[in-house]
Amino acid sequence: MPDLQQLRTRHAPAVLDFELANRGYFAASIPDRGDDFFDRFTDRYNALLAEQAVGDCAFYVLVAEDGTILGRFNLVDIKDRAAVLGYRVAQHVAGHGVATGAVRDLCRLAVERHGLHTLRAATSRENAASQRVLSKAGFVPLGPADPADLGGKPGTWYQRDLGVPTVDREPVDRPNA
């Protein structure tokens, strides 16, 4: 079973493999990180760990049993008990509930480990998969996102109040009262 782990130094080689293996897949729906990201990966990775150490951000990886990275899940701009959620999952697990499950887990960790009350996330109008993930994880549309926040694409901000439990979207049999 995959395990959501806070980003550590030991994850660096697997994170780089994940990013390289999925670069084309990611670039189809979000802006490409560019060659500079890969050329300076170690410096950038260490900078992320430093940001995390001071509490400005919290970075997580979804680790498969074999140690490969299945996804990255980030809480950035942490302030006033709120943060912005960002995530990406490997192409071979997309559409299998992996992102939804990890986002739900991260919502729990956001409260328990980071004391957060609210998460926000933006997605482009074209990214129906991300919209479904956010909806299934209890996020609701908040309003338009600036295209500058989404690589020049129009989109929507979503928000989740972490004090409100996630509503299961599946029908539930309820006995008559």
# chains A, B, ... in the order shown; residues from 1 in each chain; ligands from 1
>>> select_by_dssp(residues="chain A", states="alpha helix (DSSP H)", output="PyMOL selection string")
chain A and resi 12-21+23-27+35-39+41-54+98-112+128-136
>>> residues_around(residues="region 119-121 of chain A", least_positions_apart="6", cutoff="8 Å", atoms="only C-alpha atoms", output="PyMOL selection string")
chain A and resi 82-86+107+157-162
>>> write_last_selection(atoms="C-alpha atoms", output="mmCIF file, in the first residue's frame")
data_model
loop_
_atom_site.group_PDB
_atom_site.id
_atom_site.type_symbol
_atom_site.label_atom_id
_atom_site.label_comp_id
_atom_site.auth_asym_id
_atom_site.auth_seq_id
_atom_site.Cartn_x
_atom_site.Cartn_y
_atom_site.Cartn_z
ATOM 1 C CA ALA A 82 -4.165 28.205 5.601
ATOM 2 C CA ALA A 83 -2.124 26.861 2.697
ATOM 3 C CA VAL A 84 -2.260 26.246 -1.025
ATOM 4 C CA LEU A 85 -2.363 22.611 -2.118
ATOM 5 C CA GLY A 86 -0.549 21.404 -5.209
ATOM 6 C CA CYS A 107 -6.090 17.136 4.478
ATOM 7 C CA TRP A 157 -9.837 28.201 -7.202
ATOM 8 C CA TYR A 158 -11.209 25.500 -4.905
ATOM 9 C CA GLN A 159 -11.282 25.549 -1.125
ATOM 10 C CA ARG A 160 -11.792 23.096 1.703
ATOM 11 C CA ASP A 161 -12.582 24.042 5.272
ATOM 12 C CA LEU A 162 -10.704 21.361 7.184
#
>>> residues_around(residues="Leu134 (chain A)", least_positions_apart="5", cutoff="8 Å", atoms="only C-alpha atoms", output="MDAnalysis selection string")
chainID A and resid 100 103 139:140 158
>>> closest_atom_pairs(of="region 96-142 of chain A", to="region 56-75 of chain A", cutoff="8 Å", atoms="only C-alpha atoms", output="tab-separated table")
residue	atom	partner	partner_atom	distance
A:Ala99	CA	A:Gly71	CA	7.6
A:Ala102	CA	A:Leu62	CA	7.4
A:Val103	CA	A:Phe73	CA	7.4
A:Leu106	CA	A:Phe73	CA	7.7
>>> select_by_dssp(residues="region 29-172 of chain A", states="strand (DSSP E or B)", output="ChimeraX atom specification")
/A:58-63,69-79,82-89,118-124,140-145,155-161
>>> write_last_selection(atoms="C-alpha atoms", output="PDB file, in the first residue's frame")
ATOM      1  CA  ALA A  58       5.236  21.139   3.748  1.00  0.00           C
ATOM      2  CA  PHE A  59       6.125  18.698   1.001  1.00  0.00           C
ATOM      3  CA  TYR A  60       4.975  15.092   0.794  1.00  0.00           C
ATOM      4  CA  VAL A  61       5.620  12.173  -1.517  1.00  0.00           C
ATOM      5  CA  LEU A  62       3.465   9.123  -2.066  1.00  0.00           C
ATOM      6  CA  VAL A  63       5.875   6.202  -1.916  1.00  0.00           C
ATOM      7  CA  ILE A  69       7.410   7.843  -6.042  1.00  0.00           C
ATOM      8  CA  LEU A  70       3.789   7.736  -7.221  1.00  0.00           C
ATOM      9  CA  GLY A  71       3.012  11.380  -6.526  1.00  0.00           C
ATOM     10  CA  ARG A  72       3.988  14.661  -4.945  1.00  0.00           C
ATOM     11  CA  PHE A  73       1.634  16.597  -2.673  1.00  0.00           C
ATOM     12  CA  ASN A  74       2.594  20.046  -1.452  1.00  0.00           C
ATOM     13  CA  LEU A  75       1.272  22.575   1.034  1.00  0.00           C
ATOM     14  CA  VAL A  76       2.767  25.944   0.134  1.00  0.00           C
ATOM     15  CA  ASP A  77       2.414  29.507   1.366  1.00  0.00           C
ATOM     16  CA  ILE A  78       1.489  28.320   4.858  1.00  0.00           C
ATOM     17  CA  LYS A  79       0.241  31.281   6.871  1.00  0.00           C
ATOM     18  CA  ALA A  82      -4.165  28.205   5.601  1.00  0.00           C
ATOM     19  CA  ALA A  83      -2.124  26.861   2.697  1.00  0.00           C
ATOM     20  CA  VAL A  84      -2.260  26.246  -1.025  1.00  0.00           C
ATOM     21  CA  LEU A  85      -2.363  22.611  -2.118  1.00  0.00           C
ATOM     22  CA  GLY A  86      -0.549  21.404  -5.209  1.00  0.00           C
ATOM     23  CA  TYR A  87      -0.110  17.845  -6.415  1.00  0.00           C
ATOM     24  CA  ARG A  88       0.892  15.638  -9.312  1.00  0.00           C
ATOM     25  CA  VAL A  89       0.725  11.865  -9.763  1.00  0.00           C
ATOM     26  CA  THR A 118      -8.211  25.878   5.241  1.00  0.00           C
ATOM     27  CA  LEU A 119      -6.687  24.585   2.019  1.00  0.00           C
ATOM     28  CA  ARG A 120      -7.011  26.148  -1.415  1.00  0.00           C
ATOM     29  CA  ALA A 121      -6.076  24.716  -4.794  1.00  0.00           C
ATOM     30  CA  ALA A 122      -6.310  26.054  -8.332  1.00  0.00           C
ATOM     31  CA  THR A 123      -6.826  24.053 -11.485  1.00  0.00           C
ATOM     32  CA  SER A 124      -7.301  24.972 -15.108  1.00  0.00           C
ATOM     33  CA  VAL A 140     -15.720  23.376  -3.402  1.00  0.00           C
ATOM     34  CA  PRO A 141     -15.298  25.912  -6.220  1.00  0.00           C
ATOM     35  CA  LEU A 142     -14.419  29.329  -4.822  1.00  0.00           C
ATOM     36  CA  GLY A 143     -14.046  31.543  -7.877  1.00  0.00           C
ATOM     37  CA  PRO A 144     -11.900  32.251 -10.908  1.00  0.00           C
ATOM     38  CA  ALA A 145      -8.154  31.737 -10.765  1.00  0.00           C
ATOM     39  CA  GLY A 155      -9.227  28.174 -14.179  1.00  0.00           C
ATOM     40  CA  THR A 156     -10.895  27.997 -10.821  1.00  0.00           C
ATOM     41  CA  TRP A 157      -9.837  28.201  -7.202  1.00  0.00           C
ATOM     42  CA  TYR A 158     -11.209  25.500  -4.905  1.00  0.00           C
ATOM     43  CA  GLN A 159     -11.282  25.549  -1.125  1.00  0.00           C
ATOM     44  CA  ARG A 160     -11.792  23.096   1.703  1.00  0.00           C
ATOM     45  CA  ASP A 161     -12.582  24.042   5.272  1.00  0.00           C
TER      46      ASP A 161
END
>>> atom_distance(atom1="CA of Ala53 (chain A)", atom2="CA of Val133 (chain A)")
28.3 Å
>>> atom_distance(atom1="CA of Ala50 (chain A)", atom2="CA of His11 (chain A)")
14.6 Å
>>> atom_distance(atom1="CA of Ala27 (chain A)", atom2="CA of Gln131 (chain A)")
17.4 Å
>>> residues_around(residues="Ala21 (chain A)", least_positions_apart="5", cutoff="9 Å", atoms="only C-alpha atoms", output="short mmCIF file (atom, residue, chain, number, x, y, z; two decimals) with N, CA and C atoms, in the first residue's frame")
data_model
loop_
_atom_site.label_atom_id
_atom_site.label_comp_id
_atom_site.auth_asym_id
_atom_site.auth_seq_id
_atom_site.Cartn_x
_atom_site.Cartn_y
_atom_site.Cartn_z
N LEU A 16 13.57 12.64 -8.40
CA LEU A 16 14.11 12.98 -9.71
C LEU A 16 13.66 11.97 -10.76
N ALA A 90 1.95 10.16 -10.93
CA ALA A 90 2.54 9.47 -12.08
C ALA A 90 1.46 9.04 -13.06
N GLN A 91 1.80 9.07 -14.31
CA GLN A 91 0.86 8.72 -15.36
C GLN A 91 0.27 7.32 -15.17
#
>>> closest_residue(among="A:Ala14, A:Val93, A:Ala137, A:Ala128", to="Ser29 (chain A)", atoms="only C-alpha atoms")
A:Ala128
